[in-house]
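Notes follow once the structure below has been shown.
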Amino acid sequence: MSQGDWQLSQGEALTRFLCSQAKEERFAEFYTGDAGEPGIDYQFRNGSGPKEDAFCRRVFRQTHALRTVDPAQALPCCEVTFTGESDTVSFSDFRHLPFHVQRWLTVDLFAPYSGEFAFRLGTCGGVRVWVEGVERACFTPFTRNVMQCTEVMLPLNAGKNSLLIHLDELFERDTIFALQMIYQGKPTLGMALPGKRGTAVDSLSQFASGLRPELAAFGYTVRLHCNVPAPAGISLRGEIRGMGNDHFTPQTLDFGAVKAAATTLALQLPPDIGEAHYQLRLTLQHDDMTLIRHIGINVMPDAPAIAAAETLNGRKQEALRYIAEHGMDRTSRLLAMMHLREYGPQCENLLSRTLTRISAREDCSDFSLVPLLWIWRYHQGEYFPPLLWRRVRSTILGYRYWLDEQGCDVMWFWSENHALCFHTAQYLAGQFFPDERFIASGRIGREQQAIANARLLQWFDAIDVHGFVEWNSAPYYPVDYIGLFALYQMAESHEIRMRARQLIDRLMLQSALHYQNGVAAGTMGRVYEKELLAGMLTELSAYGAVAWGKGRYNRKCASLPLFCASDYVPPAMSEVYASMTEGELAAWYTCGGGNICVWKAPGVSLSSCVDHHTGEPGHQQHLVDLQFASRFDAKIWINHPGEAEPGGEKRPSFWAGNGVMPRVMQVENRALMLWHIDREDALPWTHLYFPSEAFDRVVVQPCTRFVRAGDAFAAVLCSAPLQRTESGLAAGIECRALGRDVAWYVEVGYGDEAAFDAFCSRIAKLALQVDIDAQTATLRDPLLGDVMFLELMGKKPCFPRLNSSEPRVICKGVKA
């Protein structure tokens with residue numbers, strides 16, 4: 001009797017399935033919805049949201065949790081699931097509107113005898129399981145982005161048993177849609193995929209697992225290295241998708257047949273997509289099997305648009321022209337075109353797509369509405385026909401501006417950047433239409449403005465006291481600037497304008513401290529992998545190019561055109577901090593419950609957030625960052641991953657954020673981190689992002705890595721041996737340290753080759769030890785007689801007492 005192609009032992013996850021394509025349907029599209037409680041406490045914390053489910057999820061749970069699902073309606077299952085190192089099958093994704101998404105999966109299990117076999121069944125969504133056509137499990141918690149688990153007993157006959165699985169979920173914005181099946185029984189089971197040869201499945205899966213892209217794609221060519229030579233008969237298709245809130249239409253690509261035994265692939269992308277962060281969904285086809293692997297790629301410019309103008313106004317005009325011609329398709333690009341009076345064929349399309357997005361109340365449509373209000377204020381009646389301008393007016397009056405207004409949507413109101421944009425939009429819309437009736441609230445404009453005025457003051461008060469929980473964030477400071485520049489430029493209230501100006505000044509000063517040769521670097525309160533891996537492409541980097549020069553413009557344009565069209569001038573000291581050519585500085589400031597430390601020299605910067613929720617589950621906080629000036633990708637950081645595979649949808653992810661937060665301390669150019677990973681479900685290792693090819697010189701020791709880049713250098717020391725990753729997406733850029741109690745130490749410096757050699761010699765004599773029982777880390781330097789000591793929970797590391805929200809900065813040899 002056949003026992004299948006693979007074995008499943010106790011404690012192992014069942015991850016091999018054939019799955020169907022997704023079936024997607026808009027949900028609750030014509031529901032009026034409801035109005036919720038208007039208040040939030042403005043005590044923002046990343047990852048936190050509403051206390052209750054959204055209206056559409058409550059309806060979904062009522063109508064879908066206990067419904068009957070007919071297995072005869074199952075879609076064909078032809079795609080082989082791919083999970084990499086994860087024990088979870090994931091179909092996670094993002095939808096700006098509520099969508100009901102369904103998938104079907106199938107697998108054959110082989111039992112040694114007839115009986116009941118235990119599984120722990122977990123899902124983000126709902127799951128139903130049929131064994132030989134009989135429903136044996138139905139578990140439909142439908143708790144958004146929180147995996148729920150239950151124990152199930154599946155009756156299996158001796159020999160082959162066909163399993164059919166149905167998954168469904170309501171997609172709201174970023175949605176984790178996943179299945180986890182952990183086998184709990186003792187006898188080993190066999191597995192097979194119906195109608196597929198196990199050797200062929202293994203060959204395809206191993207090839208897909210070994211694909212590793214170069215992080216930067218130049219010449220619109222994605223280069224993939226193959227750890228496993230390509231099997232004969234594989235063809236490749238792809239779909240390229242945007243990774244932002246830009247109006248990017250996915251494009252399908254046919255890469256053709258893969259040459260047998262190939263070890264490198266060069267996939268040509270259409271050059272009209274432009275440089276940006278993208279996700280490439282590769283479909284590998286082999287005979288009657290397909291496998292899909294998602295790969296994040298950073299398409300780099302062939303000729304970077306370097307800021308050339310010597311004046312701020314000149315750079316503003318340069319950036320506006322670049323965005324008008326090359327910008328991402330979003331509302332602020334249209335603003336740049338109209339400001340310059342450089343109308344083109346894209347204008348009407350941009351406006352129409354903006355109005356569609358806002359009218360549908362898509363998530364993140366508040367980011368589009370504020371620049372639309374700017375366009376109304378300064379350009380109403382220009383270029384477009386009166387009918388289209390009337391549609392702009394009706395779109396503004398028909399929007400849902402806050403929780404207390406009626407709606408059935410998945411717009412997010414609870415983060416500091418969204419709250420600011422919603423309040424700004426409500427304030428300005430009320431100001432521009434004081435006597436008009438707003439549909440969702442039933443209020444007239446001046447009432448909307450008065451309510452928004454109070455909410456804005458409450459928001460500013462909270463930020464003044466607590467700072468941004470999304471401190472120094474490359475993806476979210478540009479979103480904050482949407483609201484801040486709009487208020488600074490257009491608000492009637494002098495107080496609102498001045499508070500917006502003061503906060504812009506503060507953000508500019510803080511960003512300047514971290515700005516390193518054209519890259520917006522540094523510790524960040526919220527970030528994604530794409531910004532960490534290609535900082536040159538972030539809009540915050542382009543902000544630096546406009547504000548201080550010596551940088552590059554790029555296509556990101558959530559708010560940069562608002563800055564360029566305004567009369568705002570950054571504080572003079574921000575240019576001193578951003579454009580250092582000699583000396584060094586140390587700085588400290590508080591933000592979002594974190595104490596931020598910065599040490600910077602012309603060739604390198606090190607920054608960290610100390611004492612931030614130590615030991616707690618993390619979100620997207622990037623706590624320690626090291627950036628060299630020599631190259632944008634000459635960058636190092638350490639984190640505890642929130643999932644086992646790069647490019648995932650979880651928050652925290654593989655590279656961005658921490659599953660468990662460490663204790664951190666920084667003393668000038670030295671930082672120490674200590675982890676105690678006590679959660680059983682957390683990965684039992686931490687890792688170092690280490691792109692060897694980005695450095696001029698690399699020295700490897702069992703627990704240490706030394707690098708030299710330009711005129712600067714660094715050492716990374718771990719209390720556990722470092723294991724270099726040799727396969728998969730992280731091959732060649734990752735070093736792992738196994739263990740739940742581990743310390744990492746980072747030190748940076750600068751000088752010539754002799755200084756680097758002396759630096760390496762001294763660091764090699766350091767002793768880094770972890771006392772697991774006491775939960776402490778100690779670093780001893782026998783040459784200097786110096787000791788750094790860090791307790792996981794205990795005495796606070798040294799951080800200066802600050803008297804205001806402004807950074808305290810000490811400069812040594814820095815020219816002002």
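Residue numbering restarts at 1 for every chain of the structure tokens, chains are lettered A, B, ... in their displayed order, and ligands are numbered from 1 as they appear.
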A:Thr290 environment, 12 Å, only C-alpha atoms, sequence neighbours closer than 2 positions dropped, as JSON, numbers by chain:
{"A": [17, 18, 19, 20, 21, 77, 78, 79, 80, 81, 82, 196, 200, 201, 204, 205, 208, 234, 235, 236, 237, 238, 282, 283, 284, 285, 286, 287, 288, 292, 293]}
Residues within 6 Å of stretch 699-703 of chain A, only C-alpha atoms, excluding chain neighbours under 5 positions, as a PDB file with all heavy atoms, in the first residue's frame:
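Writing the result to out.pdb gives the following:
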ATOM      1  N   LEU A 717      29.248  42.576  17.256  1.00  0.00           N
ATOM      2  CA  LEU A 717      29.673  41.473  18.112  1.00  0.00           C
ATOM      3  C   LEU A 717      28.442  40.846  18.745  1.00  0.00           C
ATOM      4  O   LEU A 717      27.529  41.558  19.187  1.00  0.00           O
ATOM      5  CB  LEU A 717      30.632  42.004  19.191  1.00  0.00           C
ATOM      6  CG  LEU A 717      31.125  41.035  20.266  1.00  0.00           C
ATOM      7  CD1 LEU A 717      31.930  39.909  19.628  1.00  0.00           C
ATOM      8  CD2 LEU A 717      31.987  41.792  21.276  1.00  0.00           C
ATOM      9  N   CYS A 718      28.385  39.517  18.764  1.00  0.00           N
ATOM     10  CA  CYS A 718      27.242  38.811  19.334  1.00  0.00           C
ATOM     11  C   CYS A 718      27.717  37.861  20.431  1.00  0.00           C
ATOM     12  O   CYS A 718      28.840  37.330  20.367  1.00  0.00           O
ATOM     13  CB  CYS A 718      26.498  38.035  18.250  1.00  0.00           C
ATOM     14  SG  CYS A 718      24.961  37.273  18.808  1.00  0.00           S
ATOM     15  N   PRO A 721      27.477  32.413  18.493  1.00  0.00           N
ATOM     16  CA  PRO A 721      28.100  32.308  17.172  1.00  0.00           C
ATOM     17  C   PRO A 721      27.134  32.765  16.074  1.00  0.00           C
ATOM     18  O   PRO A 721      25.922  32.561  16.162  1.00  0.00           O
ATOM     19  CB  PRO A 721      28.396  30.805  17.044  1.00  0.00           C
ATOM     20  CG  PRO A 721      28.438  30.297  18.443  1.00  0.00           C
ATOM     21  CD  PRO A 721      27.460  31.124  19.212  1.00  0.00           C
ATOM     22  N   LEU A 722      27.701  33.357  15.034  1.00  0.00           N
ATOM     23  CA  LEU A 722      26.901  33.850  13.922  1.00  0.00           C
ATOM     24  C   LEU A 722      26.916  32.833  12.784  1.00  0.00           C
ATOM     25  O   LEU A 722      27.983  32.373  12.364  1.00  0.00           O
ATOM     26  CB  LEU A 722      27.448  35.195  13.435  1.00  0.00           C
ATOM     27  CG  LEU A 722      27.398  36.338  14.454  1.00  0.00           C
ATOM     28  CD1 LEU A 722      27.994  37.613  13.855  1.00  0.00           C
ATOM     29  CD2 LEU A 722      25.988  36.584  14.923  1.00  0.00           C
TER      30      LEU A 722
END
Who sits within 10 Å of A:Ala429, only C-alpha atoms, same chain under 4 positions skipped, as a CSV table (one decimal) with N, CA and C atoms, in the first residue's frame:
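Output file around11.csv follows:
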chain,number,residue,atom,x,y,z
A,369,LEU,N,-7.4,63.0,-0.3
A,369,LEU,CA,-8.4,64.1,-0.2
A,369,LEU,C,-7.7,65.4,0.2
A,370,VAL,N,-6.7,65.4,1.0
A,370,VAL,CA,-6.1,66.7,1.5
A,370,VAL,C,-5.4,67.4,0.3
A,373,LEU,N,-8.1,69.0,-1.8
A,373,LEU,CA,-8.5,70.2,-1.3
A,373,LEU,C,-7.6,71.4,-1.6
A,376,TRP,N,-8.4,72.3,-5.1
A,376,TRP,CA,-9.6,73.1,-5.1
A,376,TRP,C,-9.3,74.6,-4.7
A,377,ARG,N,-8.5,74.7,-3.6
A,377,ARG,CA,-8.2,76.1,-3.1
A,377,ARG,C,-7.5,76.9,-4.1
A,393,ARG,N,-16.4,68.9,-6.2
A,393,ARG,CA,-17.2,69.5,-5.2
A,393,ARG,C,-18.1,68.4,-4.5
A,396,ILE,N,-16.1,66.0,-2.3
A,396,ILE,CA,-15.7,66.6,-1.0
A,396,ILE,C,-16.9,66.6,0.0
A,397,LEU,N,-18.0,66.9,-0.5
A,397,LEU,CA,-19.2,67.0,0.4
A,397,LEU,C,-19.7,65.6,0.7
A,399,TYR,N,-17.9,62.9,1.4
A,399,TYR,CA,-16.9,62.0,2.1
A,399,TYR,C,-17.3,61.8,3.6
A,401,TYR,N,-15.8,61.8,7.1
A,401,TYR,CA,-14.6,62.5,7.7
A,401,TYR,C,-14.2,62.0,9.1
A,423,HIS,N,-8.6,64.9,10.2
A,423,HIS,CA,-9.0,66.2,10.8
A,423,HIS,C,-8.6,67.3,9.9
A,424,THR,N,-7.5,67.3,9.2
A,424,THR,CA,-7.1,68.3,8.3
A,424,THR,C,-8.2,68.4,7.2
A,425,ALA,N,-8.5,67.3,6.6
A,425,ALA,CA,-9.5,67.3,5.5
A,425,ALA,C,-10.9,67.9,6.0
A,433,PHE,N,-16.3,75.2,2.3
A,433,PHE,CA,-17.8,75.1,2.0
A,433,PHE,C,-18.6,75.4,3.3
A,434,PRO,N,-18.5,76.6,3.9
A,434,PRO,CA,-19.1,76.8,5.2
A,434,PRO,C,-20.6,76.7,5.3
A,436,GLU,N,-22.5,74.7,3.1
A,436,GLU,CA,-22.9,73.5,2.4
A,436,GLU,C,-23.2,72.4,3.4
A,438,PHE,N,-22.9,68.6,4.4
A,438,PHE,CA,-22.1,67.4,4.2
A,438,PHE,C,-22.9,66.1,4.4
A,445,GLY,N,-20.8,73.1,6.7
A,445,GLY,CA,-19.4,73.2,6.7
A,445,GLY,C,-18.8,73.9,7.9
A,446,ARG,N,-19.4,75.0,8.4
A,446,ARG,CA,-18.8,75.7,9.5
A,446,ARG,C,-18.8,74.8,10.8
A,448,GLN,N,-18.5,71.5,10.6
A,448,GLN,CA,-17.4,70.6,10.4
A,448,GLN,C,-16.1,71.2,10.8
A,449,GLN,N,-15.9,72.5,10.4
A,449,GLN,CA,-14.7,73.1,10.7
A,449,GLN,C,-14.4,73.3,12.2
A,452,ALA,N,-13.5,69.9,13.7
A,452,ALA,CA,-12.2,69.6,13.3
A,452,ALA,C,-11.1,70.5,14.0
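The residue set within 12 Å of A:Asn803, counting only C-alpha atoms and dropping same-chain residues fewer than 5 places from it, reads Val465, Trp588, Tyr589, Thr590 and Arg808 of chain A.
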Got time to write the residues from that selection, all heavy atoms, as an mmCIF file, in the first residue's frame?
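The file below, part_14.cif, is the result:
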data_model
loop_
_atom_site.group_PDB
_atom_site.id
_atom_site.type_symbol
_atom_site.label_atom_id
_atom_site.label_comp_id
_atom_site.auth_asym_id
_atom_site.auth_seq_id
_atom_site.Cartn_x
_atom_site.Cartn_y
_atom_site.Cartn_z
ATOM 1 N N VAL A 465 3.116 66.513 23.823
ATOM 2 C CA VAL A 465 3.458 65.827 25.076
ATOM 3 C C VAL A 465 4.209 64.533 24.811
ATOM 4 O O VAL A 465 5.223 64.240 25.452
ATOM 5 C CB VAL A 465 2.175 65.543 25.896
ATOM 6 C CG1 VAL A 465 2.503 64.667 27.111
ATOM 7 C CG2 VAL A 465 1.537 66.850 26.338
ATOM 8 N N TRP A 588 20.160 63.683 21.386
ATOM 9 C CA TRP A 588 19.159 62.934 22.133
ATOM 10 C C TRP A 588 17.823 63.662 22.028
ATOM 11 O O TRP A 588 17.774 64.894 22.089
ATOM 12 C CB TRP A 588 19.535 62.846 23.615
ATOM 13 C CG TRP A 588 20.876 62.247 23.888
ATOM 14 C CD1 TRP A 588 21.168 60.962 24.214
ATOM 15 C CD2 TRP A 588 22.144 62.943 23.892
ATOM 16 N NE1 TRP A 588 22.515 60.785 24.405
ATOM 17 C CE2 TRP A 588 23.142 61.987 24.218
ATOM 18 C CE3 TRP A 588 22.524 64.263 23.627
ATOM 19 C CZ2 TRP A 588 24.490 62.313 24.290
ATOM 20 C CZ3 TRP A 588 23.869 64.582 23.703
ATOM 21 C CH2 TRP A 588 24.834 63.633 24.040
ATOM 22 N N TYR A 589 16.757 62.907 21.840
ATOM 23 C CA TYR A 589 15.416 63.480 21.924
ATOM 24 C C TYR A 589 14.429 62.372 22.283
ATOM 25 O O TYR A 589 14.733 61.174 22.149
ATOM 26 C CB TYR A 589 15.014 64.192 20.622
ATOM 27 C CG TYR A 589 14.935 63.341 19.379
ATOM 28 C CD1 TYR A 589 13.735 62.742 18.993
ATOM 29 C CD2 TYR A 589 16.046 63.159 18.549
ATOM 30 C CE1 TYR A 589 13.651 61.976 17.835
ATOM 31 C CE2 TYR A 589 15.968 62.404 17.389
ATOM 32 C CZ TYR A 589 14.767 61.807 17.033
ATOM 33 O OH TYR A 589 14.673 61.062 15.885
ATOM 34 N N THR A 590 13.278 62.762 22.767
ATOM 35 C CA THR A 590 12.247 61.796 23.130
ATOM 36 C C THR A 590 11.118 61.866 22.110
ATOM 37 O O THR A 590 10.787 62.930 21.593
ATOM 38 C CB THR A 590 11.685 62.073 24.532
ATOM 39 O OG1 THR A 590 11.123 63.384 24.563
ATOM 40 C CG2 THR A 590 12.775 61.952 25.582
ATOM 41 N N ARG A 808 18.495 67.641 22.034
ATOM 42 C CA ARG A 808 19.730 68.175 22.612
ATOM 43 C C ARG A 808 20.873 67.675 21.738
ATOM 44 O O ARG A 808 21.012 66.467 21.522
ATOM 45 C CB ARG A 808 19.913 67.678 24.045
ATOM 46 C CG ARG A 808 21.234 68.113 24.669
ATOM 47 C CD ARG A 808 21.402 67.545 26.063
ATOM 48 N NE ARG A 808 22.714 67.845 26.611
ATOM 49 C CZ ARG A 808 23.176 67.378 27.767
ATOM 50 N NH1 ARG A 808 22.397 66.594 28.499
ATOM 51 N NH2 ARG A 808 24.374 67.688 28.193
#
What are the DSSP strand (DSSP E) residues of stretch 102-329 of chain A, as a PyMOL selection string?
chain A and resi 102-111+115-124+126-131+134-139+148-156+159-175+178-183+189-192+211-213+216-217+221-226+234-242+251-257+264-268+276-286+289-299+305-306
Keeping only C-alpha atoms, take the residues you just selected and write them out as a compact mmCIF listing (two decimals), in the first residue's frame.
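To be explicit, this is the file written out as selection.txt:
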# COMPACT_ATOMS: atom_id res chain seq x y z
CA GLN A 102 -12.05 32.35 -0.59
CA ARG A 103 -9.54 29.61 -1.29
CA TRP A 104 -9.77 25.82 -1.59
CA LEU A 105 -6.97 23.39 -0.71
CA THR A 106 -6.55 19.66 -1.04
CA VAL A 107 -4.10 16.98 0.14
CA ASP A 108 -4.05 13.21 0.60
CA LEU A 109 -3.12 11.76 3.99
CA PHE A 110 -2.12 8.13 4.51
CA ALA A 111 -2.85 6.58 7.92
CA GLY A 115 -8.82 5.89 13.84
CA GLU A 116 -8.96 9.50 14.92
CA PHE A 117 -5.87 11.65 14.54
CA ALA A 118 -5.32 14.94 16.39
CA PHE A 119 -4.45 18.25 14.75
CA ARG A 120 -4.15 21.76 16.09
CA LEU A 121 -6.04 23.83 13.55
CA GLY A 122 -5.22 27.54 13.37
CA THR A 123 -6.58 30.22 11.12
CA CYS A 124 -6.72 33.89 10.46
CA GLY A 126 -12.38 30.68 8.83
CA VAL A 127 -11.62 27.05 7.92
CA ARG A 128 -13.70 23.99 7.07
CA VAL A 129 -12.27 20.50 6.53
CA TRP A 130 -13.84 17.57 4.70
CA VAL A 131 -12.40 14.04 4.92
CA VAL A 134 -17.72 14.43 4.93
CA GLU A 135 -17.30 17.70 6.86
CA ARG A 136 -15.22 16.97 9.95
CA ALA A 137 -14.21 20.44 11.14
CA CYS A 138 -15.70 23.91 10.97
CA PHE A 139 -13.82 26.69 12.76
CA GLN A 148 -7.13 31.47 16.59
CA CYS A 149 -6.52 27.78 17.23
CA THR A 150 -8.64 24.77 18.09
CA GLU A 151 -7.98 21.06 18.58
CA VAL A 152 -9.68 18.75 16.08
CA MET A 153 -9.81 14.98 15.66
CA LEU A 154 -9.89 13.90 12.05
CA PRO A 155 -11.18 10.35 11.42
CA LEU A 156 -8.88 8.66 8.91
CA GLY A 159 -4.43 4.02 3.76
CA LYS A 160 -5.37 6.99 1.61
CA ASN A 161 -7.72 9.77 2.79
CA SER A 162 -8.65 12.78 0.65
CA LEU A 163 -8.85 16.10 2.51
CA LEU A 164 -10.60 19.15 1.10
CA ILE A 165 -10.22 22.47 2.91
CA HIS A 166 -12.11 25.72 2.47
CA LEU A 167 -10.63 29.01 3.72
CA ASP A 168 -12.32 32.38 3.66
CA GLU A 169 -11.87 35.77 5.22
CA LEU A 170 -13.04 39.36 4.99
CA PHE A 171 -10.17 41.47 3.73
CA GLU A 172 -9.87 44.87 5.44
CA ARG A 173 -6.74 46.78 4.48
CA ASP A 174 -3.69 44.68 5.42
CA THR A 175 -5.14 41.27 6.16
CA ALA A 178 -3.65 31.96 6.83
CA LEU A 179 -3.96 28.29 7.74
CA GLN A 180 -1.88 26.34 10.22
CA MET A 181 -2.27 22.58 10.74
CA ILE A 182 0.05 21.08 13.37
CA TYR A 183 -0.12 17.29 13.66
CA LEU A 189 1.30 9.85 8.55
CA GLY A 190 2.06 9.85 4.84
CA MET A 191 1.27 12.77 2.53
CA ALA A 192 0.79 13.25 -1.19
CA LEU A 211 15.69 31.78 -5.77
CA ARG A 212 17.43 34.85 -4.37
CA PRO A 213 17.00 38.26 -6.01
CA ALA A 216 18.45 46.42 -6.28
CA ALA A 217 17.29 46.03 -9.88
CA THR A 221 16.31 43.90 -14.92
CA VAL A 222 15.63 41.66 -11.94
CA ARG A 223 18.56 39.30 -11.40
CA LEU A 224 17.85 36.10 -9.53
CA HIS A 225 20.49 33.70 -8.26
CA CYS A 226 19.47 30.05 -8.14
CA ILE A 234 10.05 25.34 -16.20
CA SER A 235 8.47 28.51 -17.55
CA LEU A 236 8.03 31.79 -15.72
CA ARG A 237 5.24 34.33 -15.66
CA GLY A 238 4.93 37.30 -13.38
CA GLU A 239 2.68 40.01 -12.10
CA ILE A 240 4.23 43.24 -10.88
CA ARG A 241 2.36 45.21 -8.23
CA GLY A 242 2.97 48.50 -6.49
CA GLN A 251 0.97 44.37 -15.02
CA THR A 252 1.28 40.75 -16.15
CA LEU A 253 4.58 39.62 -17.64
CA ASP A 254 5.67 36.53 -19.55
CA PHE A 255 9.33 35.67 -19.01
CA GLY A 256 9.16 32.48 -21.08
CA ALA A 257 11.04 29.23 -20.59
CA THR A 264 21.10 32.87 -12.70
CA LEU A 265 18.03 34.47 -14.24
CA ALA A 266 17.64 37.95 -15.72
CA LEU A 267 14.00 39.02 -15.84
CA GLN A 268 13.28 42.11 -17.91
CA ALA A 276 10.03 52.32 -7.09
CA HIS A 277 9.40 49.51 -4.62
CA TYR A 278 7.46 46.66 -6.23
CA GLN A 279 6.28 43.17 -5.47
CA LEU A 280 6.92 40.62 -8.20
CA ARG A 281 4.58 37.64 -8.00
CA LEU A 282 6.43 34.93 -9.88
CA THR A 283 4.44 31.99 -11.24
CA LEU A 284 6.61 28.94 -11.90
CA GLN A 285 4.96 26.50 -14.30
CA HIS A 286 6.12 22.88 -14.69
CA MET A 289 1.81 22.32 -11.76
CA THR A 290 2.19 25.94 -10.76
CA LEU A 291 3.86 27.52 -7.75
CA ILE A 292 3.77 31.20 -6.86
CA ARG A 293 6.52 33.00 -5.00
CA HIS A 294 6.34 36.66 -3.95
CA ILE A 295 9.57 38.66 -4.20
CA GLY A 296 10.09 42.27 -3.16
CA ILE A 297 12.20 44.23 -5.64
CA ASN A 298 13.58 47.74 -5.66
CA VAL A 299 13.79 49.10 -9.19
CA ALA A 305 17.88 62.80 -10.43
CA ILE A 306 20.45 64.57 -8.27
Which residues, written as a ChimeraX atom specification, have at least one atom at most 6 Å from stretch 569-574 of chain A, with only C-alpha atoms counted and residues fewer than 2 positions away on the same chain left out?
/A:509,512,576-577
